[in-house]
$ cat model_6.cif   # mmCIF, C-alpha atoms and all ligand atoms
data_target
#
loop_
_atom_site.label_atom_id
_atom_site.label_comp_id
_atom_site.auth_asym_id
_atom_site.auth_seq_id
_atom_site.Cartn_x
_atom_site.Cartn_y
_atom_site.Cartn_z
CA MET A 265 22.22 -19.01 -11.10
CA ASP A 266 22.39 -15.22 -11.37
CA LEU A 267 18.95 -13.96 -10.36
CA SER A 268 19.71 -10.38 -11.31
CA ARG A 269 19.94 -11.50 -14.93
CA ASP A 270 17.22 -14.12 -14.90
CA PRO A 271 13.87 -12.96 -13.46
CA ASP A 272 12.25 -16.23 -14.55
CA ALA A 273 14.81 -18.36 -12.78
CA PRO A 274 13.28 -21.75 -11.94
CA THR A 275 12.26 -22.33 -8.35
CA THR A 276 14.79 -25.08 -7.73
CA LEU A 277 14.56 -26.89 -4.43
CA GLY A 278 17.62 -25.38 -2.77
CA GLU A 279 18.13 -25.42 0.97
CA VAL A 280 16.07 -22.99 3.03
CA ALA A 281 17.15 -21.59 6.40
CA VAL A 282 14.71 -20.15 8.91
CA ILE A 283 16.16 -18.07 11.75
CA GLY A 284 14.00 -18.04 14.88
CA ALA A 285 12.08 -21.18 15.87
CA GLY A 286 9.11 -19.45 17.52
CA THR A 287 5.49 -19.37 16.41
CA MET A 288 6.20 -18.06 12.91
CA GLY A 289 9.64 -19.54 12.24
CA ALA A 290 8.54 -23.08 13.09
CA GLY A 291 5.47 -22.69 10.88
CA ILE A 292 7.50 -21.33 7.95
CA ALA A 293 10.01 -24.19 8.34
CA GLN A 294 7.13 -26.67 8.19
CA VAL A 295 5.77 -25.06 5.01
CA ALA A 296 9.19 -25.12 3.31
CA ALA A 297 9.84 -28.73 4.32
CA THR A 298 6.37 -29.76 3.14
CA ALA A 299 7.25 -28.22 -0.23
CA GLY A 300 10.29 -30.54 -0.35
CA HIS A 301 13.15 -28.28 0.74
CA GLY A 302 15.82 -29.30 3.16
CA VAL A 303 15.37 -26.78 5.98
CA ILE A 304 17.78 -25.61 8.65
CA LEU A 305 15.90 -24.16 11.61
CA VAL A 306 18.13 -21.87 13.67
CA ASP A 307 17.38 -20.52 17.13
CA ALA A 308 19.79 -18.77 19.47
CA VAL A 309 18.31 -20.61 22.47
CA ALA A 310 19.82 -24.07 22.77
CA GLY A 311 17.15 -26.75 22.31
CA ALA A 312 14.50 -24.33 20.96
CA ALA A 313 14.66 -25.57 17.36
CA GLU A 314 14.55 -29.21 18.53
CA ALA A 315 11.51 -28.40 20.70
CA ALA A 316 9.80 -26.71 17.74
CA ILE A 317 10.37 -29.80 15.57
CA GLU A 318 8.98 -31.99 18.36
CA ARG A 319 5.83 -29.82 18.55
CA MET A 320 5.53 -30.12 14.78
CA ARG A 321 5.73 -33.94 15.09
CA THR A 322 2.81 -33.86 17.55
CA VAL A 323 0.67 -31.65 15.30
CA LEU A 324 1.43 -33.75 12.20
CA ALA A 325 0.67 -36.98 14.14
CA ARG A 326 -2.82 -35.59 14.83
CA GLN A 327 -3.29 -35.04 11.10
CA VAL A 328 -2.18 -38.62 10.46
CA ASP A 329 -4.73 -39.81 13.06
CA LYS A 330 -7.45 -37.86 11.26
CA GLY A 331 -6.45 -39.43 7.93
CA ARG A 332 -5.37 -36.11 6.41
CA LEU A 333 -1.74 -37.12 5.97
CA THR A 334 0.14 -40.40 5.61
CA GLN A 335 2.66 -41.34 8.28
CA ASP A 336 5.38 -41.40 5.62
CA ALA A 337 4.57 -37.85 4.49
CA ALA A 338 4.52 -36.60 8.08
CA THR A 339 7.86 -38.23 8.86
CA ALA A 340 9.36 -36.85 5.64
CA VAL A 341 8.48 -33.28 6.69
CA THR A 342 10.21 -33.40 10.07
CA ASP A 343 13.12 -35.46 8.68
CA ARG A 344 13.86 -32.64 6.25
CA ILE A 345 14.32 -30.13 9.08
CA THR A 346 17.70 -29.86 10.81
CA PRO A 347 18.02 -27.85 14.03
CA ALA A 348 20.94 -25.44 14.46
CA THR A 349 22.05 -22.64 16.78
CA ALA A 350 24.49 -20.63 14.66
CA ILE A 351 24.16 -18.79 11.36
CA SER A 352 27.80 -19.61 10.65
CA ASP A 353 26.84 -23.33 10.51
CA LEU A 354 24.45 -22.84 7.58
CA PRO A 355 25.19 -24.49 4.23
CA GLU A 356 24.61 -22.47 1.05
CA CYS A 357 20.91 -21.65 0.93
CA ALA A 358 18.55 -20.51 -1.83
CA LEU A 359 16.51 -18.56 0.72
CA VAL A 360 16.97 -17.45 4.31
CA VAL A 361 13.92 -16.18 6.21
CA GLU A 362 14.38 -14.50 9.56
CA ALA A 363 11.53 -14.73 12.09
CA VAL A 364 13.23 -13.39 15.22
CA PRO A 365 11.44 -10.87 17.50
CA GLU A 366 10.27 -7.54 16.06
CA ASP A 367 13.40 -5.46 16.73
CA LEU A 368 15.05 -3.47 13.92
CA GLU A 369 18.64 -3.75 15.17
CA LEU A 370 18.30 -7.48 15.82
CA LYS A 371 16.91 -8.11 12.34
CA GLN A 372 19.62 -5.94 10.74
CA ARG A 373 22.29 -7.87 12.59
CA ILE A 374 20.84 -11.29 11.74
CA LEU A 375 20.44 -10.54 8.02
CA GLY A 376 23.86 -8.84 8.00
CA ASP A 377 25.44 -12.03 9.40
CA VAL A 378 23.56 -14.10 6.82
CA ALA A 379 24.61 -11.77 3.96
CA ALA A 380 28.25 -12.08 5.02
CA THR A 381 28.20 -15.88 4.98
CA GLN A 382 25.84 -16.74 2.12
CA PRO A 383 26.50 -16.42 -1.64
CA PRO A 384 25.16 -13.29 -3.37
CA THR A 385 22.28 -15.21 -4.98
CA THR A 386 20.69 -16.15 -1.63
CA ILE A 387 17.38 -14.32 -1.09
CA LEU A 388 17.38 -12.64 2.32
CA ALA A 389 13.83 -12.42 3.64
CA THR A 390 12.31 -10.98 6.78
CA ASN A 391 8.95 -11.97 8.25
CA THR A 392 8.57 -8.58 9.93
CA SER A 393 4.98 -7.42 10.31
CA SER A 394 5.66 -3.73 10.92
CA LEU A 395 9.28 -2.75 10.28
CA ASP A 396 10.40 -0.99 7.09
CA ILE A 397 12.15 -3.38 4.69
CA THR A 398 14.38 -0.55 3.43
CA ALA A 399 15.54 0.12 7.00
CA ILE A 400 16.23 -3.58 7.65
CA ALA A 401 18.27 -3.76 4.40
CA GLU A 402 20.14 -0.53 5.14
CA PRO A 403 23.39 -2.02 6.57
CA ILE A 404 23.47 -4.86 4.03
CA PRO A 405 25.93 -4.31 1.15
CA ASP A 406 23.57 -5.76 -1.48
CA PRO A 407 20.03 -4.63 -0.52
CA GLU A 408 18.64 -5.78 -3.89
CA ARG A 409 18.23 -9.30 -2.46
CA VAL A 410 16.47 -8.21 0.76
CA LEU A 411 12.68 -8.43 0.84
CA GLY A 412 9.75 -9.13 3.13
CA LEU A 413 7.95 -12.46 3.17
CA HIS A 414 5.08 -11.67 5.51
CA PHE A 415 3.41 -14.95 6.41
CA PHE A 416 0.22 -15.03 8.44
CA ASN A 417 -0.36 -17.05 11.58
CA PRO A 418 -0.40 -20.05 11.44
CA PRO A 419 1.81 -20.29 8.33
CA PRO A 420 0.86 -23.90 7.41
CA LEU A 421 -2.84 -22.96 7.26
CA MET A 422 -2.85 -19.37 6.00
CA ARG A 423 -2.49 -19.12 2.23
CA LEU A 424 -1.57 -15.47 1.98
CA VAL A 425 2.04 -14.23 1.87
CA GLU A 426 2.75 -10.53 1.36
CA VAL A 427 5.94 -10.24 -0.71
CA VAL A 428 7.24 -6.82 0.24
CA HIS A 429 9.86 -4.78 -1.57
CA GLY A 430 12.07 -2.17 -0.01
CA LYS A 431 13.48 0.72 -2.03
CA GLY A 432 16.55 -1.31 -2.99
CA THR A 433 14.93 -4.69 -3.72
CA ALA A 434 15.56 -5.86 -7.30
CA ALA A 435 12.54 -6.92 -9.36
CA ALA A 436 14.21 -10.25 -10.21
CA TYR A 437 14.47 -11.30 -6.54
CA LEU A 438 10.92 -10.17 -5.89
CA ALA A 439 9.59 -12.19 -8.84
CA HIS A 440 11.62 -15.20 -7.77
CA ALA A 441 10.35 -15.02 -4.17
CA ALA A 442 6.74 -14.69 -5.35
CA ALA A 443 7.16 -17.68 -7.69
CA LEU A 444 8.66 -19.69 -4.83
CA MET A 445 5.70 -18.86 -2.56
CA ALA A 446 3.31 -20.00 -5.29
CA ALA A 447 5.34 -23.23 -5.63
CA TRP A 448 4.88 -23.69 -1.86
CA GLY A 449 1.10 -23.58 -2.38
CA LYS A 450 0.76 -20.02 -1.06
CA THR A 451 -0.95 -17.06 -2.70
CA PRO A 452 1.62 -14.27 -2.95
CA VAL A 453 0.65 -10.61 -3.27
CA THR A 454 3.25 -7.90 -3.77
CA CYS A 455 3.42 -4.47 -2.19
CA THR A 456 5.84 -1.74 -1.25
CA SER A 457 7.11 -1.43 2.29
CA THR A 458 4.30 0.94 3.23
CA PRO A 459 3.37 1.03 6.96
CA GLY A 460 1.24 -2.05 7.72
CA PHE A 461 1.85 -3.43 4.19
CA ILE A 462 -1.57 -4.31 2.70
CA VAL A 463 -3.52 -6.23 5.33
CA ASN A 464 -2.48 -4.44 8.51
CA ARG A 465 -3.03 -1.08 6.79
CA VAL A 466 -6.37 -1.59 5.04
CA ALA A 467 -7.87 -3.39 8.07
CA ARG A 468 -7.38 -0.48 10.49
CA PRO A 469 -10.91 0.99 10.14
CA PHE A 470 -12.48 -2.42 10.81
CA TYR A 471 -11.43 -1.96 14.43
CA GLY A 472 -11.27 1.84 14.68
CA GLU A 473 -14.76 2.60 13.36
CA ALA A 474 -16.41 0.04 15.66
CA GLN A 475 -14.56 1.51 18.64
CA ARG A 476 -15.70 5.03 17.68
CA VAL A 477 -19.31 3.88 17.26
CA VAL A 478 -19.22 2.59 20.85
CA GLU A 479 -17.42 5.72 22.12
CA GLU A 480 -20.12 7.85 20.48
CA GLY A 481 -22.78 5.86 22.36
CA LEU A 482 -24.46 4.69 19.15
CA ALA A 483 -24.39 1.00 20.01
CA ASP A 484 -22.91 -1.55 22.41
CA PRO A 485 -20.15 -3.99 21.32
CA ALA A 486 -22.41 -7.06 21.17
CA THR A 487 -24.81 -5.29 18.79
CA VAL A 488 -21.93 -4.03 16.63
CA ASP A 489 -20.40 -7.54 16.48
CA TRP A 490 -23.80 -8.99 15.52
CA ILE A 491 -24.18 -6.42 12.71
CA PHE A 492 -20.76 -7.30 11.26
CA ARG A 493 -21.41 -11.04 11.40
CA GLU A 494 -25.02 -11.22 10.36
CA GLN A 495 -25.36 -8.22 8.05
CA GLY A 496 -21.75 -7.81 6.89
CA GLY A 497 -20.84 -11.46 6.37
CA PHE A 498 -17.64 -11.17 8.45
CA ARG A 499 -16.65 -14.30 10.37
CA MET A 500 -16.20 -12.32 13.58
CA GLY A 501 -17.15 -8.84 14.72
CA PRO A 502 -14.42 -6.30 15.57
CA PHE A 503 -14.75 -6.64 19.35
CA GLU A 504 -14.75 -10.42 19.58
CA LEU A 505 -11.87 -10.49 17.07
CA THR A 506 -9.72 -8.00 18.99
CA ASP A 507 -10.43 -9.93 22.20
CA LEU A 508 -9.05 -12.99 20.41
CA ILE A 509 -6.02 -11.21 18.90
CA GLY A 510 -5.32 -9.39 22.19
CA GLN A 511 -6.36 -5.75 22.67
CA ASP A 512 -2.71 -4.87 23.40
CA VAL A 513 -1.45 -6.54 20.21
CA ASN A 514 -4.14 -4.90 18.06
CA TYR A 515 -3.53 -1.53 19.73
CA ALA A 516 0.22 -1.80 19.07
CA VAL A 517 -0.29 -2.54 15.36
CA GLY A 518 -2.63 0.45 15.00
CA ALA A 519 -0.32 2.76 16.95
CA SER A 520 2.64 1.65 14.83
CA VAL A 521 0.82 2.51 11.58
CA TRP A 522 -0.30 5.82 13.12
CA GLU A 523 3.29 6.72 14.13
CA GLN A 524 4.80 5.57 10.82
CA THR A 525 2.32 7.70 8.85
CA GLY A 526 3.25 10.83 10.82
CA ARG A 527 0.18 10.46 13.07
CA ASP A 528 -2.31 10.52 10.22
CA PRO A 529 -5.75 11.03 11.88
CA ARG A 530 -7.06 8.07 9.85
CA TYR A 531 -5.20 5.74 12.17
CA ALA A 532 -5.44 7.58 15.51
CA PRO A 533 -5.92 5.04 18.32
CA THR A 534 -9.11 5.35 20.37
CA GLU A 535 -9.46 6.13 24.06
CA PHE A 536 -11.75 3.11 24.19
CA GLN A 537 -8.99 0.66 23.26
CA ARG A 538 -6.27 2.51 25.18
CA GLY A 539 -8.49 2.23 28.27
CA LEU A 540 -8.91 -1.52 27.81
CA VAL A 541 -5.15 -2.01 27.51
CA GLU A 542 -4.36 0.20 30.52
CA ALA A 543 -6.92 -1.70 32.60
CA GLY A 544 -5.30 -5.03 31.66
CA ARG A 545 -8.47 -6.04 29.82
CA LEU A 546 -6.48 -7.65 27.01
CA GLY A 547 -9.10 -10.12 25.81
CA ARG A 548 -9.39 -13.88 26.05
CA LYS A 549 -5.81 -14.32 27.26
CA SER A 550 -6.46 -12.21 30.39
CA GLY A 551 -9.98 -13.55 31.00
CA ARG A 552 -11.54 -10.19 30.25
CA GLY A 553 -11.42 -7.72 27.39
CA VAL A 554 -14.47 -6.13 25.79
CA TYR A 555 -16.27 -9.25 27.01
CA SER A 556 -15.75 -11.46 30.04
CA TYR A 557 -14.66 -15.02 29.45
CA GLY A 558 -16.30 -17.25 32.00
CA ALA A 559 -18.18 -20.49 31.47
CA GLU A 560 -20.60 -19.00 28.94
CA PRO A 561 -19.61 -17.84 25.46
CA ALA A 562 -19.00 -14.09 25.36
CA ALA A 563 -21.65 -13.14 22.81
CA ALA A 564 -24.28 -15.19 24.64
CA VAL A 565 -23.65 -13.29 27.87
CA ALA A 566 -24.04 -9.85 26.32
CA GLY A 567 -26.88 -10.18 23.83
CA PRO A 568 -27.20 -7.91 20.80
CA ASP A 569 -30.06 -5.42 20.49
CA LEU A 570 -31.58 -6.55 17.19
CA GLY A 571 -34.05 -3.66 17.00
CA LEU A 572 -31.19 -1.18 17.34
CA ALA A 573 -29.19 -3.07 14.70
CA GLU A 574 -32.12 -2.79 12.30
CA ARG A 575 -32.56 0.95 12.95
CA LEU A 576 -28.84 1.76 12.57
CA GLY A 577 -28.57 -0.27 9.35
CA SER A 578 -31.42 1.61 7.71
CA GLY A 579 -30.31 5.07 8.89
CA PRO A 580 -27.76 7.55 7.53
CA VAL A 581 -24.13 6.44 7.10
CA GLU A 582 -22.94 8.53 10.09
CA THR A 583 -24.85 6.24 12.46
CA ASP A 584 -24.52 3.00 10.49
CA PRO A 585 -21.63 0.95 11.97
CA LEU A 586 -21.28 -1.36 8.96
CA GLY A 587 -21.83 1.32 6.30
CA ARG A 588 -19.23 3.70 7.67
CA THR A 589 -16.71 0.92 8.22
CA VAL A 590 -17.08 -0.41 4.68
CA ALA A 591 -16.73 3.15 3.31
CA MET A 592 -13.49 3.51 5.26
CA LEU A 593 -12.18 0.07 4.19
CA VAL A 594 -12.87 0.97 0.55
CA ASN A 595 -11.14 4.33 1.05
CA GLU A 596 -8.01 2.70 2.52
CA ALA A 597 -7.92 0.08 -0.23
CA VAL A 598 -8.27 2.46 -3.17
CA ASP A 599 -5.82 4.90 -1.62
CA LEU A 600 -3.16 2.18 -1.38
CA VAL A 601 -3.60 1.50 -5.10
CA HIS A 602 -3.72 5.24 -5.87
CA ARG A 603 -0.32 5.70 -4.18
CA GLY A 604 1.12 2.83 -6.22
CA GLU A 605 1.78 0.56 -3.21
CA ALA A 606 -0.13 -2.48 -4.54
CA SER A 607 -2.48 -3.52 -7.34
CA ALA A 608 -6.26 -3.54 -6.87
CA ALA A 609 -6.37 -7.30 -7.46
CA ASP A 610 -3.66 -7.94 -4.84
CA VAL A 611 -5.38 -5.70 -2.27
CA ASP A 612 -8.65 -7.61 -2.65
CA THR A 613 -6.89 -10.99 -2.52
CA ALA A 614 -4.93 -9.95 0.56
CA MET A 615 -8.03 -8.89 2.49
CA ARG A 616 -9.97 -12.02 1.59
CA LEU A 617 -7.17 -14.43 2.46
CA GLY A 618 -5.28 -12.54 5.18
CA VAL A 619 -8.27 -11.53 7.35
CA ASN A 620 -11.08 -13.58 5.78
CA TYR A 621 -13.13 -10.62 4.59
CA PRO A 622 -16.27 -11.77 2.78
CA ARG A 623 -15.35 -9.59 -0.21
CA GLY A 624 -12.37 -7.63 -1.42
CA PRO A 625 -12.89 -3.97 -0.44
CA ILE A 626 -12.30 -2.63 -3.95
CA GLU A 627 -14.81 -5.03 -5.49
CA TRP A 628 -17.18 -4.07 -2.64
CA GLY A 629 -16.65 -0.38 -3.33
CA ARG A 630 -17.29 -0.83 -7.05
CA ASP A 631 -20.58 -2.56 -6.23
CA ILE A 632 -21.64 0.25 -3.91
CA GLY A 633 -20.34 2.80 -6.43
CA LEU A 634 -17.06 4.60 -5.71
CA ASP A 635 -18.86 7.93 -6.12
CA VAL A 636 -21.40 6.84 -3.47
CA VAL A 637 -18.55 5.92 -1.12
CA ALA A 638 -17.04 9.38 -1.74
CA GLU A 639 -20.37 10.98 -0.76
CA GLN A 640 -20.58 8.81 2.38
CA LEU A 641 -17.09 9.92 3.41
CA ALA A 642 -17.98 13.56 2.74
CA ALA A 643 -21.00 13.18 5.06
CA LEU A 644 -18.79 11.57 7.72
CA ASP A 645 -16.22 14.35 7.31
CA ARG A 646 -18.93 16.98 7.88
CA ALA A 647 -20.12 15.12 11.00
CA PHE A 648 -16.59 14.40 12.31
CA PRO A 649 -14.15 16.96 10.84
CA GLY A 650 -10.39 16.60 11.33
CA GLY A 651 -9.12 14.57 8.39
CA ARG A 652 -10.00 11.02 9.41
CA TYR A 653 -12.68 10.75 6.72
CA ARG A 654 -10.94 12.58 3.87
CA PRO A 655 -11.72 10.73 0.66
CA SER A 656 -8.96 9.28 -1.53
CA PRO A 657 -8.69 10.98 -4.94
CA ALA A 658 -9.09 7.49 -6.44
CA LEU A 659 -12.78 7.48 -5.45
CA THR A 660 -13.58 10.25 -7.89
CA ASP A 661 -10.78 10.37 -10.50
CA GLY A 662 -12.08 7.36 -12.45
CA SER A 663 -8.75 5.50 -12.21
CA LEU A 664 -10.37 2.51 -10.47
CA ASP A 665 -13.63 2.37 -12.34
CA ASP A 666 -14.26 -1.00 -13.99
N1 LIG B 701 3.01 -14.09 15.77
C1 LIG B 701 2.36 -13.64 14.72
O1 LIG B 701 1.13 -13.75 14.61
C2 LIG B 701 3.14 -13.02 13.58
C3 LIG B 701 2.53 -12.91 12.32
C4 LIG B 701 3.27 -12.37 11.26
C5 LIG B 701 4.56 -11.92 11.47
N2 LIG B 701 5.12 -12.02 12.73
C6 LIG B 701 6.52 -11.57 12.88
O2 LIG B 701 7.35 -12.72 12.91
C7 LIG B 701 8.49 -12.48 13.74
C8 LIG B 701 8.59 -13.54 14.81
O3 LIG B 701 7.40 -13.55 15.57
P1 LIG B 701 6.99 -14.81 16.48
O4 LIG B 701 5.61 -14.53 16.96
O5 LIG B 701 7.30 -16.08 15.78
O6 LIG B 701 8.02 -14.62 17.70
P2 LIG B 701 8.44 -15.69 18.82
O7 LIG B 701 8.80 -14.90 20.02
O8 LIG B 701 7.42 -16.77 18.92
O9 LIG B 701 9.78 -16.37 18.21
C9 LIG B 701 11.00 -15.69 18.06
C10 LIG B 701 12.12 -16.73 18.16
O10 LIG B 701 13.34 -16.09 17.80
C11 LIG B 701 14.36 -16.59 18.64
N3 LIG B 701 15.49 -15.66 18.66
C12 LIG B 701 15.61 -14.49 19.34
N4 LIG B 701 16.81 -13.93 19.06
C13 LIG B 701 17.44 -14.73 18.18
C14 LIG B 701 18.69 -14.69 17.51
N5 LIG B 701 19.54 -13.67 17.72
N6 LIG B 701 19.02 -15.70 16.68
C15 LIG B 701 18.17 -16.74 16.47
N7 LIG B 701 16.96 -16.85 17.07
C16 LIG B 701 16.61 -15.85 17.91
C17 LIG B 701 13.70 -16.75 19.99
O11 LIG B 701 14.42 -17.66 20.83
C18 LIG B 701 12.32 -17.30 19.57
O12 LIG B 701 12.33 -18.71 19.53
C19 LIG B 701 8.34 -11.05 14.27
O13 LIG B 701 9.02 -10.18 13.42
C20 LIG B 701 6.83 -10.82 14.16
O14 LIG B 701 6.51 -9.45 14.04
C21 LIG B 701 4.44 -12.55 13.77
#
$ encode --input "model_6.cif" --output "structure tokens"
Amino acid sequence: MDLSRDPDAPTTLGEVAVIGAGTMGAGIAQVAATAGHGVILVDAVAGAAEAAIERMRTVLARQVDKGRLTQDAATAVTDRITPATAISDLPECALVVEAVPEDLELKQRILGDVAATQPPTTILATNTSSLDITAIAEPIPDPERVLGLHFFNPPPLMRLVEVVHGKGTAAAYLAHAAALMAAWGKTPVTCTSTPGFIVNRVARPFYGEAQRVVEEGLADPATVDWIFREQGGFRMGPFELTDLIGQDVNYAVGASVWEQTGRDPRYAPTEFQRGLVEAGRLGRKSGRGVYSYGAEPAAAVAGPDLGLAERLGSGPVETDPLGRTVAMLVNEAVDLVHRGEASAADVDTAMRLGVNYPRGPIEWGRDIGLDVVAEQLAALDRAFPGGRYRPSPALTDGSLDD
């Protein structure tokens, strides 16, 4: 099967290899095996792949107990996965996905080894969340088959997969990978290898605006979280969510986008979050982040000020935590489309499925009126000059009007 000549190549059930049997690799292996592929799960640490399969058995057994899966189906999934420790032991595979730690040289070396031992039709995918696909493909002789398959955690439960193309990725491989993800029951969206891809880029203001609102003394975190949940329809507010993700992890993602965009002021990290990280207040995992995690639930300990929430929500956009955040989310989303990194439909799908937003930001912006969002950003830019609130040309050029 020559994929470069056949963009509609059928998604045959070839073997799939997953390199790295950690959180993501084990989950991706489970998804591929559930879809019927024979899977080879490779980890450099002896026994790590076997341990991952054992953990999978335990999780699947719970689903059998709950009546969500038959014992036969559960057994079939783990039976299809073979542990391995060396790339050189792999049979010919239709797809190899690497999910080793986030280190450019390591990923280059792993995919280079795979490229040298697999036939030219094998798709070489990386699950990187922040590295440039073009850079990962750089030492590989045929970069047209290298692409990103950015799964979300946990892969068996999260439907979204960002299918990311580097500068050298051929359209045929991209289309084939997207079709394969759909065949696995996932919802693929495609984008260029722009810093943060879709989700980790567009979501930045969700955290950054809330942190600025608190830094400016407009509201406390519990009130801001309440506003996002109760008035915005988000499942979690920005502070409780970053406490769950880990303030250090969230800070690192934001700083990486900021660095990769040449320190664009839109993504500048806040002193607020830097302070939390430096103080070791990393969130739930360290027992304390924005909130303290004792016997009582965090939000119950620090109650929201509902009167303040009401006043801020009915005031001007500069002092409205939800209003200014939504304006910024819309701005990020339309700008991504304006630059040709992704389609409007894929951006909205990615934000709904990848981070559970109640609405796609572009649909949200169209409802508000893109011209209204442009005016809100202009007001924010007057109040806080410096480039953070510069409006995307797409808000006013009519290119995204319905
Ligand atoms: N954890 C997440 O929420 C998440 C979400 C999306 C993407 N990612 C990305 O997925 C990748 C993996 O993340 P993770 O959280 O699963 O990491 P992890 O630390 O849980 O797992 C990495 C695994 O790779 C193995 N490994 C290291 N070097 C290896 C080598 N040379 N050959 C084979 N195996 C090797 C390790 O032993 C480990 O088991 C990273 O690129 C990360 O950015 C993570």
$ residues_around --input "model_6.cif" --residues "Arg344 in chain A" --least-positions-apart "2" --cutoff "6 Å" --atoms "only C-alpha atoms" --output "PDB file with C-alpha atoms, in the coordinates of the input"
ATOM      1  CA  ALA A 297       9.840 -28.730   4.320  1.00  0.00           C
ATOM      2  CA  GLY A 302      15.820 -29.300   3.160  1.00  0.00           C
ATOM      3  CA  VAL A 341       8.480 -33.280   6.690  1.00  0.00           C
ATOM      4  CA  THR A 342      10.210 -33.400  10.070  1.00  0.00           C
TER       5      THR A 342
END
$ residues_near_ligand --input "model_6.cif" --ligand "ligand LIG 701 (chain B)" --cutoff "7 Å" --atoms "all atoms listed in the file" --output "list in words"
Ile283, Gly284, Ala285, Gly286, Thr287, Met288, Gly289, Val306, Asp307, Ala308, Val309, Ala312, Ala363, Val364, Pro365, Glu366, Leu370, Ile374, Asn391, Thr392, Ser393, Ser394, His414, Phe415, Phe416 and Asn417 of chain A
$ write_last_selection --input "model_6.cif" --atoms "C-alpha atoms" --output "mmCIF file, in the frame of the given file"
data_model
loop_
_atom_site.group_PDB
_atom_site.id
_atom_site.type_symbol
_atom_site.label_atom_id
_atom_site.label_comp_id
_atom_site.auth_asym_id
_atom_site.auth_seq_id
_atom_site.Cartn_x
_atom_site.Cartn_y
_atom_site.Cartn_z
ATOM 1 C CA ILE A 283 16.160 -18.070 11.750
ATOM 2 C CA GLY A 284 14.000 -18.040 14.880
ATOM 3 C CA ALA A 285 12.080 -21.180 15.870
ATOM 4 C CA GLY A 286 9.110 -19.450 17.520
ATOM 5 C CA THR A 287 5.490 -19.370 16.410
ATOM 6 C CA MET A 288 6.200 -18.060 12.910
ATOM 7 C CA GLY A 289 9.640 -19.540 12.240
ATOM 8 C CA VAL A 306 18.130 -21.870 13.670
ATOM 9 C CA ASP A 307 17.380 -20.520 17.130
ATOM 10 C CA ALA A 308 19.790 -18.770 19.470
ATOM 11 C CA VAL A 309 18.310 -20.610 22.470
ATOM 12 C CA ALA A 312 14.500 -24.330 20.960
ATOM 13 C CA ALA A 363 11.530 -14.730 12.090
ATOM 14 C CA VAL A 364 13.230 -13.390 15.220
ATOM 15 C CA PRO A 365 11.440 -10.870 17.500
ATOM 16 C CA GLU A 366 10.270 -7.540 16.060
ATOM 17 C CA LEU A 370 18.300 -7.480 15.820
ATOM 18 C CA ILE A 374 20.840 -11.290 11.740
ATOM 19 C CA ASN A 391 8.950 -11.970 8.250
ATOM 20 C CA THR A 392 8.570 -8.580 9.930
ATOM 21 C CA SER A 393 4.980 -7.420 10.310
ATOM 22 C CA SER A 394 5.660 -3.730 10.920
ATOM 23 C CA HIS A 414 5.080 -11.670 5.510
ATOM 24 C CA PHE A 415 3.410 -14.950 6.410
ATOM 25 C CA PHE A 416 0.220 -15.030 8.440
ATOM 26 C CA ASN A 417 -0.360 -17.050 11.580
#
$ residues_around --input "model_6.cif" --residues "Arg538 in chain A" --least-positions-apart "6" --cutoff "9 Å" --atoms "only C-alpha atoms" --output "PyMOL selection string"
chain A and resi 511-512+515
$ atom_distance --input "model_6.cif" --atom1 "CA of Leu644 in chain A" --atom2 "CA of Glu582 in chain A"
5.7 Å
$ residues_around --input "model_6.cif" --residues "Thr525 in chain A" --least-positions-apart "6" --cutoff "10 Å" --atoms "all atoms listed in the file" --output "list in words"
Thr458, Pro459, Gly460, Ala519 and Tyr531 of chain A
$ residues_around --input "model_6.cif" --residues "Met500 in chain A" --least-positions-apart "2" --cutoff "12 Å" --atoms "all atoms listed in the file" --output "list in words"
Phe470, Tyr471, Ala486, Val488, Asp489, Trp490, Ile491, Phe492, Arg493, Glu494, Gln495, Gly496, Gly497, Phe498, Pro502, Phe503, Glu504, Leu505, Thr506, Asp507, Leu508, Ile509, Ala563, Val619, Asn620, Tyr621 and Pro622 of chain A
$ residues_around --input "model_6.cif" --residues "Met445 in chain A" --least-positions-apart "4" --cutoff "9 Å" --atoms "only C-alpha atoms" --output "PyMOL selection string"
chain A and resi 413+425+427+440-441+449-452
$ write_last_selection --input "model_6.cif" --atoms "C-alpha atoms" --output "PDB file, keeping the file's coordinate frame"
ATOM      1  CA  LEU A 413       7.950 -12.460   3.170  1.00  0.00           C
ATOM      2  CA  VAL A 425       2.040 -14.230   1.870  1.00  0.00           C
ATOM      3  CA  VAL A 427       5.940 -10.240  -0.710  1.00  0.00           C
ATOM      4  CA  HIS A 440      11.620 -15.200  -7.770  1.00  0.00           C
ATOM      5  CA  ALA A 441      10.350 -15.020  -4.170  1.00  0.00           C
ATOM      6  CA  GLY A 449       1.100 -23.580  -2.380  1.00  0.00           C
ATOM      7  CA  LYS A 450       0.760 -20.020  -1.060  1.00  0.00           C
ATOM      8  CA  THR A 451      -0.950 -17.060  -2.700  1.00  0.00           C
ATOM      9  CA  PRO A 452       1.620 -14.270  -2.950  1.00  0.00           C
TER      10      PRO A 452
END
$ atom_distance --input "model_6.cif" --atom1 "CA of Arg630 in chain A" --atom2 "CA of Asn464 in chain A"
21.8 Å
$ residues_near_point --input "model_6.cif" --point "(-14.1, 14.4, 2.9)" --cutoff "7 Å" --atoms "only C-alpha atoms" --output "number ranges by chain"
A: 641-642, 645, 653-655
$ atom_distance --input "model_6.cif" --atom1 "CA of Leu438 in chain A" --atom2 "CA of Asp353 in chain A"
26.4 Å
